[in-house]
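Here is the file input-v9.csv (CSV, C-alpha atoms and all ligand atoms).
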```csv
chain,number,residue,atom,x,y,z
H,62,MET,CA,196.0,-82.1,-89.0
H,63,VAL,CA,195.1,-80.6,-92.3
H,64,THR,CA,194.6,-76.8,-92.3
H,65,VAL,CA,190.9,-77.1,-92.9
H,66,THR,CA,189.2,-75.3,-90.0
H,67,MET,CA,185.6,-74.2,-90.6
H,68,MET,CA,185.8,-70.7,-89.2
H,69,ASN,CA,188.3,-68.0,-88.3
H,70,THR,CA,187.6,-65.5,-85.5
H,71,LYS,CA,187.7,-62.4,-87.7
H,72,ASN,CA,184.5,-61.6,-89.4
H,73,SER,CA,184.1,-59.0,-92.1
H,74,PRO,CA,180.8,-57.1,-92.3
H,75,LYS,CA,181.3,-56.9,-96.1
H,76,ARG,CA,181.6,-60.7,-96.5
H,77,HIS,CA,178.7,-61.2,-94.1
H,78,ALA,CA,176.6,-58.9,-96.3
H,79,ILE,CA,177.6,-60.7,-99.5
H,80,VAL,CA,176.9,-64.2,-98.1
H,81,ALA,CA,173.5,-63.0,-96.6
H,82,ILE,CA,172.4,-61.2,-99.8
H,83,ALA,CA,173.6,-64.1,-102.1
H,84,SER,CA,171.7,-66.7,-100.0
H,85,ILE,CA,168.5,-64.5,-99.9
H,86,ILE,CA,168.7,-64.2,-103.7
H,87,GLY,CA,169.2,-68.0,-103.9
H,88,ALA,CA,166.2,-68.5,-101.7
H,89,GLY,CA,164.1,-66.0,-103.7
H,90,ALA,CA,165.0,-67.8,-106.9
H,91,MET,CA,164.0,-71.2,-105.5
H,92,TYR,CA,160.7,-69.6,-104.2
H,93,PHE,CA,159.9,-68.4,-107.8
H,94,MET,CA,160.8,-71.8,-109.1
H,95,GLY,CA,158.0,-73.2,-106.9
H,96,TYR,CA,160.0,-74.9,-104.1
H,97,ARG,CA,158.4,-75.3,-100.7
H,98,THR,CA,159.7,-73.1,-97.8
H,99,GLY,CA,161.1,-76.1,-95.8
H,100,VAL,CA,163.0,-77.3,-98.9
H,101,ILE,CA,164.3,-73.8,-99.7
H,102,LEU,CA,165.6,-73.2,-96.1
H,103,GLY,CA,167.3,-76.6,-96.0
H,104,ALA,CA,168.8,-76.3,-99.5
H,105,ILE,CA,170.3,-72.9,-98.9
H,106,SER,CA,171.7,-74.1,-95.6
H,107,TYR,CA,173.3,-77.2,-97.2
H,108,VAL,CA,174.9,-75.3,-100.0
H,109,LEU,CA,176.5,-72.9,-97.5
H,110,LEU,CA,177.7,-75.9,-95.5
H,111,PHE,CA,179.1,-77.4,-98.7
H,112,LEU,CA,181.0,-74.2,-99.5
H,113,THR,CA,182.4,-74.0,-96.0
H,114,VAL,CA,183.6,-77.6,-96.0
H,115,VAL,CA,184.9,-77.9,-99.6
H,116,ILE,CA,187.4,-75.1,-99.5
H,117,GLY,CA,189.9,-77.0,-97.3
H,118,PRO,CA,190.0,-80.3,-99.3
H,119,ILE,CA,190.2,-78.4,-102.6
H,120,LEU,CA,193.4,-76.6,-101.5
H,121,VAL,CA,194.8,-79.9,-100.2
H,122,VAL,CA,194.2,-81.7,-103.5
H,123,PHE,CA,195.3,-78.7,-105.6
H,124,PRO,CA,198.1,-77.0,-103.5
H,125,ARG,CA,199.3,-75.0,-106.5
H,126,LEU,CA,196.0,-73.0,-106.3
H,127,ARG,CA,197.3,-71.5,-103.1
H,128,ARG,CA,200.2,-69.7,-104.8
H,129,ARG,CA,197.8,-68.2,-107.4
H,130,LEU,CA,195.4,-66.9,-104.8
H,131,THR,CA,196.1,-63.7,-103.0
H,132,GLY,CA,196.0,-63.0,-99.2
H,133,GLU,CA,193.8,-65.2,-97.1
H,134,PHE,CA,191.3,-66.0,-99.8
H,135,PRO,CA,189.3,-68.3,-99.8
H,136,PHE,CA,190.0,-69.3,-96.2
H,137,ASN,CA,188.7,-66.0,-94.9
H,138,TRP,CA,185.2,-66.7,-96.3
H,139,ARG,CA,184.7,-69.8,-94.2
H,140,SER,CA,183.7,-68.0,-91.1
H,141,GLU,CA,180.9,-66.0,-92.8
H,142,LEU,CA,179.7,-69.0,-94.9
H,143,GLY,CA,179.7,-71.2,-91.8
H,144,ILE,CA,177.8,-68.7,-89.7
H,145,TRP,CA,175.1,-68.2,-92.3
H,146,PHE,CA,174.9,-72.0,-92.8
H,147,VAL,CA,174.0,-72.3,-89.1
H,148,ILE,CA,171.5,-69.4,-89.3
H,149,TRP,CA,169.6,-71.0,-92.2
H,150,ALA,CA,169.8,-74.4,-90.6
H,151,VAL,CA,168.2,-73.1,-87.3
H,152,VAL,CA,165.4,-71.3,-89.2
H,153,HIS,CA,164.9,-74.5,-91.3
H,154,VAL,CA,164.6,-76.7,-88.2
H,155,ALA,CA,162.3,-74.1,-86.4
H,156,TYR,CA,160.1,-74.1,-89.6
H,157,ILE,CA,160.0,-77.9,-89.7
H,158,VAL,CA,159.1,-78.2,-86.0
H,159,ASP,CA,156.5,-75.5,-86.4
H,160,ASN,CA,154.9,-76.0,-83.0
H,161,PRO,CA,155.9,-77.6,-79.6
H,162,GLY,CA,153.5,-80.5,-80.2
H,163,ASN,CA,155.5,-81.5,-83.2
H,164,ILE,CA,158.9,-81.4,-81.4
H,165,ASP,CA,159.3,-85.2,-81.8
H,166,VAL,CA,160.0,-84.7,-85.5
H,167,LEU,CA,163.6,-84.1,-84.3
H,168,TRP,CA,164.1,-87.7,-83.2
H,169,ARG,CA,161.2,-89.7,-84.8
H,170,SER,CA,163.4,-90.9,-87.7
H,171,SER,CA,167.1,-91.9,-87.8
H,172,TRP,CA,167.9,-89.3,-90.5
H,173,GLY,CA,166.0,-86.7,-88.4
H,174,PHE,CA,167.9,-87.6,-85.3
H,175,THR,CA,171.3,-87.4,-86.9
H,176,ALA,CA,170.3,-84.1,-88.5
H,177,THR,CA,169.3,-82.8,-85.1
H,178,VAL,CA,172.6,-83.8,-83.6
H,179,ALA,CA,174.3,-82.0,-86.5
H,180,THR,CA,172.2,-78.9,-85.9
H,181,VAL,CA,173.1,-78.9,-82.1
H,182,LEU,CA,176.8,-79.3,-83.0
H,183,ALA,CA,176.5,-76.5,-85.6
H,184,VAL,CA,175.1,-74.1,-83.0
H,185,LEU,CA,177.9,-75.0,-80.5
H,186,VAL,CA,180.5,-74.3,-83.2
H,187,LEU,CA,178.8,-71.0,-84.0
H,188,PHE,CA,179.0,-69.9,-80.3
H,189,THR,CA,182.7,-70.7,-80.2
H,190,SER,CA,183.6,-68.9,-83.4
H,191,ASN,CA,184.8,-65.8,-81.8
H,192,THR,CA,188.1,-64.3,-80.5
H,193,LYS,CA,187.1,-64.9,-76.8
H,194,ALA,CA,186.7,-68.6,-77.4
H,195,PHE,CA,189.9,-68.6,-79.5
H,196,SER,CA,191.9,-67.0,-76.7
H,197,TYR,CA,190.4,-69.3,-74.0
H,198,MET,CA,191.0,-72.5,-75.9
H,199,GLY,CA,194.2,-71.6,-77.6
H,200,ALA,CA,194.8,-71.9,-81.3
H,201,LYS,CA,195.3,-75.7,-81.5
H,202,ALA,CA,192.3,-76.8,-79.5
H,203,TRP,CA,190.2,-74.2,-81.2
H,204,LYS,CA,191.2,-75.2,-84.7
H,205,TRP,CA,191.0,-78.9,-83.8
H,206,HIS,CA,187.4,-78.7,-82.5
H,207,GLN,CA,186.2,-76.4,-85.4
H,208,SER,CA,187.6,-78.6,-88.0
H,209,HIS,CA,186.4,-81.9,-86.5
H,210,ALA,CA,182.9,-80.5,-85.7
H,211,THR,CA,182.5,-79.2,-89.2
H,212,TYR,CA,183.2,-82.5,-90.9
H,213,ILE,CA,181.2,-84.4,-88.3
H,214,ILE,CA,178.2,-82.1,-89.0
H,215,PHE,CA,178.7,-82.6,-92.8
H,216,TYR,CA,178.8,-86.4,-92.5
H,217,LEU,CA,176.0,-86.6,-89.9
H,218,LEU,CA,173.8,-84.8,-92.5
H,219,SER,CA,174.5,-87.6,-95.1
H,220,ALA,CA,171.5,-89.6,-93.8
H,221,HIS,CA,169.2,-86.6,-94.2
H,222,ILE,CA,170.5,-85.8,-97.7
H,223,TRP,CA,170.3,-89.4,-98.7
H,224,GLN,CA,166.7,-89.7,-97.4
H,225,PHE,CA,165.5,-86.7,-99.5
H,226,SER,CA,167.6,-87.4,-102.6
H,227,THR,CA,167.0,-91.1,-103.1
H,228,VAL,CA,165.0,-92.9,-100.5
H,229,ILE,CA,161.6,-91.2,-100.8
H,230,GLY,CA,159.4,-92.3,-103.8
H,231,ASN,CA,161.0,-92.1,-107.2
H,232,ARG,CA,163.8,-89.8,-106.2
H,233,PRO,CA,166.0,-88.2,-107.4
H,234,ASP,CA,163.3,-86.4,-109.3
H,235,ASP,CA,164.6,-82.9,-109.3
H,236,PRO,CA,167.8,-81.0,-110.0
H,237,VAL,CA,168.3,-80.1,-106.4
H,238,HIS,CA,168.3,-83.8,-105.4
H,239,TYR,CA,171.1,-84.5,-107.9
H,240,LEU,CA,172.9,-81.4,-106.6
H,241,TYR,CA,172.9,-82.7,-103.0
H,242,LEU,CA,174.3,-86.0,-104.1
H,243,ILE,CA,177.0,-84.3,-106.2
H,244,MET,CA,178.0,-82.0,-103.3
H,245,PHE,CA,178.2,-84.8,-100.8
H,246,PHE,CA,180.2,-87.3,-103.0
H,247,LEU,CA,182.5,-84.5,-104.2
H,248,VAL,CA,183.5,-83.6,-100.6
H,249,MET,CA,184.0,-87.4,-99.9
H,250,LEU,CA,186.2,-87.8,-103.0
H,251,LEU,CA,188.3,-84.7,-102.3
H,252,HIS,CA,188.9,-85.9,-98.7
H,253,LEU,CA,190.0,-89.3,-100.0
H,254,VAL,CA,192.2,-87.9,-102.8
H,255,GLY,CA,193.7,-85.3,-100.4
H,256,PHE,CA,194.5,-87.9,-97.8
H,257,ILE,CA,196.2,-90.2,-100.4
H,258,LYS,CA,198.2,-87.2,-101.7
H,259,VAL,CA,199.4,-86.3,-98.3
H,260,ILE,CA,200.5,-89.8,-97.4
H,261,ARG,CA,202.3,-90.2,-100.8
H,262,PHE,CA,204.1,-86.9,-100.1
H,263,TYR,CA,205.1,-88.2,-96.7
H,264,ASN,CA,206.5,-91.4,-98.0
H,265,GLN,CA,208.4,-89.7,-100.8
H,266,ASN,CA,209.8,-86.9,-98.6
H,267,GLY,CA,209.8,-88.2,-95.1
H,268,LYS,CA,207.8,-85.2,-93.9
H,269,TYR,CA,204.3,-83.8,-94.4
H,270,PRO,CA,203.6,-81.0,-96.9
H,271,SER,CA,203.9,-77.5,-95.5
H,272,TYR,CA,200.1,-76.9,-95.7
H,273,ILE,CA,199.5,-79.7,-93.1
H,274,ARG,CA,199.6,-78.6,-89.5
M,301,LIG,C1,172.1,-78.6,-90.5
M,301,LIG,C2,170.8,-79.0,-90.5
M,301,LIG,C3,170.0,-79.3,-91.7
M,301,LIG,C4,170.2,-79.2,-93.0
M,301,LIG,C5,171.5,-78.6,-93.7
M,301,LIG,C6,169.1,-79.7,-93.7
M,301,LIG,C7,168.9,-79.7,-95.1
M,301,LIG,C8,167.8,-80.0,-95.8
M,301,LIG,C9,167.6,-80.0,-97.2
M,301,LIG,C10,168.7,-79.8,-98.2
M,301,LIG,C11,166.3,-80.3,-97.5
M,301,LIG,C12,165.6,-80.3,-98.8
M,301,LIG,C13,165.2,-81.7,-99.2
M,301,LIG,C14,164.6,-81.7,-100.6
M,301,LIG,O1,165.0,-81.0,-101.5
M,301,LIG,O2,163.6,-82.5,-100.8
M,301,LIG,C15,165.6,-80.5,-96.2
M,301,LIG,C16,164.3,-80.8,-96.1
M,301,LIG,C17,163.7,-81.2,-94.9
M,301,LIG,N1,164.3,-81.3,-93.7
M,301,LIG,FE1,166.2,-80.7,-93.2
M,301,LIG,N2,168.2,-80.1,-92.8
M,301,LIG,C18,168.7,-79.9,-91.6
M,301,LIG,C19,168.1,-80.3,-90.4
M,301,LIG,C20,166.9,-80.9,-90.3
M,301,LIG,C21,166.3,-81.4,-89.1
M,301,LIG,C22,167.0,-81.4,-87.7
M,301,LIG,C23,165.1,-81.9,-89.4
M,301,LIG,C24,164.1,-82.5,-88.4
M,301,LIG,C25,164.0,-83.8,-88.3
M,301,LIG,C26,164.9,-81.7,-90.8
M,301,LIG,C27,163.7,-82.0,-91.5
M,301,LIG,C28,163.5,-81.8,-92.8
M,301,LIG,C29,162.2,-82.1,-93.4
M,301,LIG,C30,160.9,-82.6,-92.8
M,301,LIG,C31,162.4,-81.7,-94.8
M,301,LIG,C32,161.3,-81.7,-95.9
M,301,LIG,C33,160.7,-80.4,-96.1
M,301,LIG,C34,159.7,-80.4,-97.2
M,301,LIG,O3,159.7,-81.3,-98.0
M,301,LIG,O4,158.9,-79.5,-97.2
M,301,LIG,N3,166.0,-81.1,-91.3
M,301,LIG,N4,166.5,-80.3,-95.2
```

Is it possible to give me this structure as structure tokens?
Ligand code: HEM
Amino acid sequence: MVTVTMMNTKNSPKRHAIVAIASIIGAGAMYFMGYRTGVILGAISYVLLFLTVVIGPILVVFPRLRRRLTGEFPFNWRSELGIWFVIWAVVHVAYIVDNPGNIDVLWRSSWGFTATVATVLAVLVLFTSNTKAFSYMGAKAWKWHQSHATYIIFYLLSAHIWQFSTVIGNRPDDPVHYLYLIMFFLVMLLHLVGFIKVIRFYNQNGKYPSYIR
């Protein structure tokens, strides 16, 4: 399994503050640009998910980057990015549902249903991103479920992202719609290239690279 877990158990208040403030600034900027609240909440959430997910594949595709980076960076940011992704996602979903009479928005469409499943998984991952869950599950099971759940969440959201970037009307009609598509296909591409690189390394050396666990 590639070392691409979504979250570690150690959270830093400083990193939390930076991610929270940066995402509030991003949301504020979108507000002044005239975006609707539902769009802002979803967009900030998706960018945070992208950042959480993209770190692992980038370092698999460019392993030399690891040597240039100091300490745990950027792996140690995934926990805070992942937690704030879930917070913005839950607020986004609450805003979209708005009132109990509208709850069926969660399963009325295929893209809505898959996004709902992604949100439920994200909340489950959030509640197991702590030292207690880590000790209870053990390192392997914990990393395994965090990593799998994160990528499943990301790919489950592809229908939602596709819906809003291309399916509706004449879209993409806005920079953010292009941005969603770029983020989605970039992660897919990095996954594919990373996988090919690892398999080539295995065939040349008879073992997996050291960054694969
Ligand atoms: C992890 C969970 C989610 C993420 C990351 C997310 C992401 C997004 C993004 C990026 C947008 C902006 C689309 C645009 O620019 O036009 C958006 C809008 C929207 N999302 Fe989500 N979404 C999530 C869950 C859900 C769920 C479960 C629903 C319910 C079915 C939902 C319903 C909507 C709706 C109705 C809009 C349009 C808002 C508007 O145009 O005002 N989302 N979402």

Could you give me, as JSON lines, every chain H residue with an atom at most 8 Å from ligand LIG 301 (chain M), plus its closest atom pair and distance in Å to one decimal, counting only C-alpha atoms and all ligand atoms, rows ordered by chain then number?
```
{"residue": "H:Arg97", "atom": "CA", "partner": "M:LIG301", "partner_atom": "O4", "distance": 5.5}
{"residue": "H:Thr98", "atom": "CA", "partner": "M:LIG301", "partner_atom": "O4", "distance": 6.5}
{"residue": "H:Gly99", "atom": "CA", "partner": "M:LIG301", "partner_atom": "O4", "distance": 4.3}
{"residue": "H:Val100", "atom": "CA", "partner": "M:LIG301", "partner_atom": "C12", "distance": 4.0}
{"residue": "H:Ile101", "atom": "CA", "partner": "M:LIG301", "partner_atom": "C12", "distance": 6.7}
{"residue": "H:Leu102", "atom": "CA", "partner": "M:LIG301", "partner_atom": "C8", "distance": 7.2}
{"residue": "H:Gly103", "atom": "CA", "partner": "M:LIG301", "partner_atom": "C8", "distance": 3.4}
{"residue": "H:Ala104", "atom": "CA", "partner": "M:LIG301", "partner_atom": "C10", "distance": 3.7}
{"residue": "H:Ile105", "atom": "CA", "partner": "M:LIG301", "partner_atom": "C10", "distance": 7.1}
{"residue": "H:Ser106", "atom": "CA", "partner": "M:LIG301", "partner_atom": "C5", "distance": 4.9}
{"residue": "H:Tyr107", "atom": "CA", "partner": "M:LIG301", "partner_atom": "C5", "distance": 4.2}
{"residue": "H:Val108", "atom": "CA", "partner": "M:LIG301", "partner_atom": "C10", "distance": 7.9}
{"residue": "H:Leu110", "atom": "CA", "partner": "M:LIG301", "partner_atom": "C5", "distance": 7.0}
{"residue": "H:Phe146", "atom": "CA", "partner": "M:LIG301", "partner_atom": "C5", "distance": 7.5}
{"residue": "H:Val147", "atom": "CA", "partner": "M:LIG301", "partner_atom": "C1", "distance": 6.7}
{"residue": "H:Trp149", "atom": "CA", "partner": "M:LIG301", "partner_atom": "C5", "distance": 8.0}
{"residue": "H:Ala150", "atom": "CA", "partner": "M:LIG301", "partner_atom": "C2", "distance": 4.7}
{"residue": "H:Val151", "atom": "CA", "partner": "M:LIG301", "partner_atom": "C2", "distance": 7.2}
{"residue": "H:His153", "atom": "CA", "partner": "M:LIG301", "partner_atom": "C18", "distance": 6.6}
{"residue": "H:Val154", "atom": "CA", "partner": "M:LIG301", "partner_atom": "C21", "distance": 5.1}
{"residue": "H:Ile157", "atom": "CA", "partner": "M:LIG301", "partner_atom": "C30", "distance": 5.7}
{"residue": "H:Val158", "atom": "CA", "partner": "M:LIG301", "partner_atom": "C24", "distance": 7.0}
{"residue": "H:Val166", "atom": "CA", "partner": "M:LIG301", "partner_atom": "C25", "distance": 5.0}
{"residue": "H:Leu167", "atom": "CA", "partner": "M:LIG301", "partner_atom": "C25", "distance": 4.0}
{"residue": "H:Trp168", "atom": "CA", "partner": "M:LIG301", "partner_atom": "C25", "distance": 6.4}
{"residue": "H:Arg169", "atom": "CA", "partner": "M:LIG301", "partner_atom": "C25", "distance": 7.4}
{"residue": "H:Ser170", "atom": "CA", "partner": "M:LIG301", "partner_atom": "C25", "distance": 7.2}
{"residue": "H:Trp172", "atom": "CA", "partner": "M:LIG301", "partner_atom": "C25", "distance": 7.1}
{"residue": "H:Gly173", "atom": "CA", "partner": "M:LIG301", "partner_atom": "C25", "distance": 3.5}
{"residue": "H:Phe174", "atom": "CA", "partner": "M:LIG301", "partner_atom": "C25", "distance": 6.2}
{"residue": "H:Thr175", "atom": "CA", "partner": "M:LIG301", "partner_atom": "C22", "distance": 7.4}
{"residue": "H:Ala176", "atom": "CA", "partner": "M:LIG301", "partner_atom": "C22", "distance": 4.3}
{"residue": "H:Thr177", "atom": "CA", "partner": "M:LIG301", "partner_atom": "C22", "distance": 3.7}
{"residue": "H:Val178", "atom": "CA", "partner": "M:LIG301", "partner_atom": "C22", "distance": 7.3}
{"residue": "H:Ala179", "atom": "CA", "partner": "M:LIG301", "partner_atom": "C1", "distance": 5.7}
{"residue": "H:Thr180", "atom": "CA", "partner": "M:LIG301", "partner_atom": "C1", "distance": 4.6}
{"residue": "H:Ala183", "atom": "CA", "partner": "M:LIG301", "partner_atom": "C1", "distance": 6.9}
{"residue": "H:Ile214", "atom": "CA", "partner": "M:LIG301", "partner_atom": "C1", "distance": 7.2}
{"residue": "H:Leu218", "atom": "CA", "partner": "M:LIG301", "partner_atom": "C4", "distance": 6.7}
{"residue": "H:His221", "atom": "CA", "partner": "M:LIG301", "partner_atom": "FE1", "distance": 6.7}
{"residue": "H:Ile222", "atom": "CA", "partner": "M:LIG301", "partner_atom": "C10", "distance": 6.3}
{"residue": "H:Phe225", "atom": "CA", "partner": "M:LIG301", "partner_atom": "O2", "distance": 4.8}
{"residue": "H:Ser226", "atom": "CA", "partner": "M:LIG301", "partner_atom": "O2", "distance": 6.6}
{"residue": "H:Val237", "atom": "CA", "partner": "M:LIG301", "partner_atom": "O1", "distance": 6.0}
{"residue": "H:His238", "atom": "CA", "partner": "M:LIG301", "partner_atom": "O1", "distance": 5.8}
{"residue": "H:Tyr241", "atom": "CA", "partner": "M:LIG301", "partner_atom": "C10", "distance": 7.0}
```

Considering all atoms listed in the file, can you say which of H:Val152, H:Leu253, H:Ile119, H:Ile213 comes closest to Leu182 in chain H? H:Ile213

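Separating CA of Val186 in chain H from CA of Ile144 in chain H is a distance of 9.0 Å.
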
Taking into account only C-alpha atoms, which residue in the set H:Leu185, H:Phe93, H:Trp223, H:Leu120 is nearest to Phe136 in chain H? H:Leu120

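In this structure, CA of Leu142 in chain H sits 18.0 Å away from CA of Trp203 in chain H.
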
When distances are computed from all atoms listed in the file, which of H:Val80, H:Val254, H:Ala202, H:Ile229 shows the smallest separation from Leu112 in chain H? H:Val80

Could you work out how far CA of Val248 in chain H lies from CA of Pro270 in chain H, giving the answer in Å with one decimal? 20.6 Å

Would you mind telling me which residue in H:Thr227, H:Tyr212, H:Leu242, H:Ala220 lies nearest to Pro118 in chain H when using only C-alpha atoms? H:Tyr212

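Residue nearest Phe215 in chain H, chosen from H:Ile82, H:Ile148, H:Leu130, H:Met249 and counting only C-alpha atoms: H:Met249.
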
I'd like the contact shell of Ser84 in chain H - 9 Å cut-off, only C-alpha atoms, skipping same-chain residues fewer than 3 positions apart - returned as a PDB file with C-alpha atoms, keeping the file's coordinate frame.
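Listing of part35.pdb after writing:
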```
ATOM      1  CA  ILE H  79     177.600 -60.700 -99.500  1.00  0.00           C
ATOM      2  CA  VAL H  80     176.900 -64.200 -98.100  1.00  0.00           C
ATOM      3  CA  ALA H  81     173.500 -63.000 -96.600  1.00  0.00           C
ATOM      4  CA  GLY H  87     169.200 -68.000-103.900  1.00  0.00           C
ATOM      5  CA  ALA H  88     166.200 -68.500-101.700  1.00  0.00           C
ATOM      6  CA  GLY H  89     164.100 -66.000-103.700  1.00  0.00           C
ATOM      7  CA  ILE H 105     170.300 -72.900 -98.900  1.00  0.00           C
ATOM      8  CA  SER H 106     171.700 -74.100 -95.600  1.00  0.00           C
ATOM      9  CA  LEU H 109     176.500 -72.900 -97.500  1.00  0.00           C
ATOM     10  CA  TRP H 145     175.100 -68.200 -92.300  1.00  0.00           C
TER      11      TRP H 145
END
```

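Using only C-alpha atoms for every distance, the candidate list H:Ile86, H:Ala78, H:Leu250, H:Val114 yields H:Val114 as the residue closest to Ser208 in chain H.
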
What lies within 12 Å of Ser190 in chain H using only C-alpha atoms, ignoring chain neighbours under 3 positions off, as a VMD selection string? chain H and resid 66 to 72 139 to 141 143 to 144 147 183 to 187 193 to 198 200 203 to 204 206 to 208 210 to 211
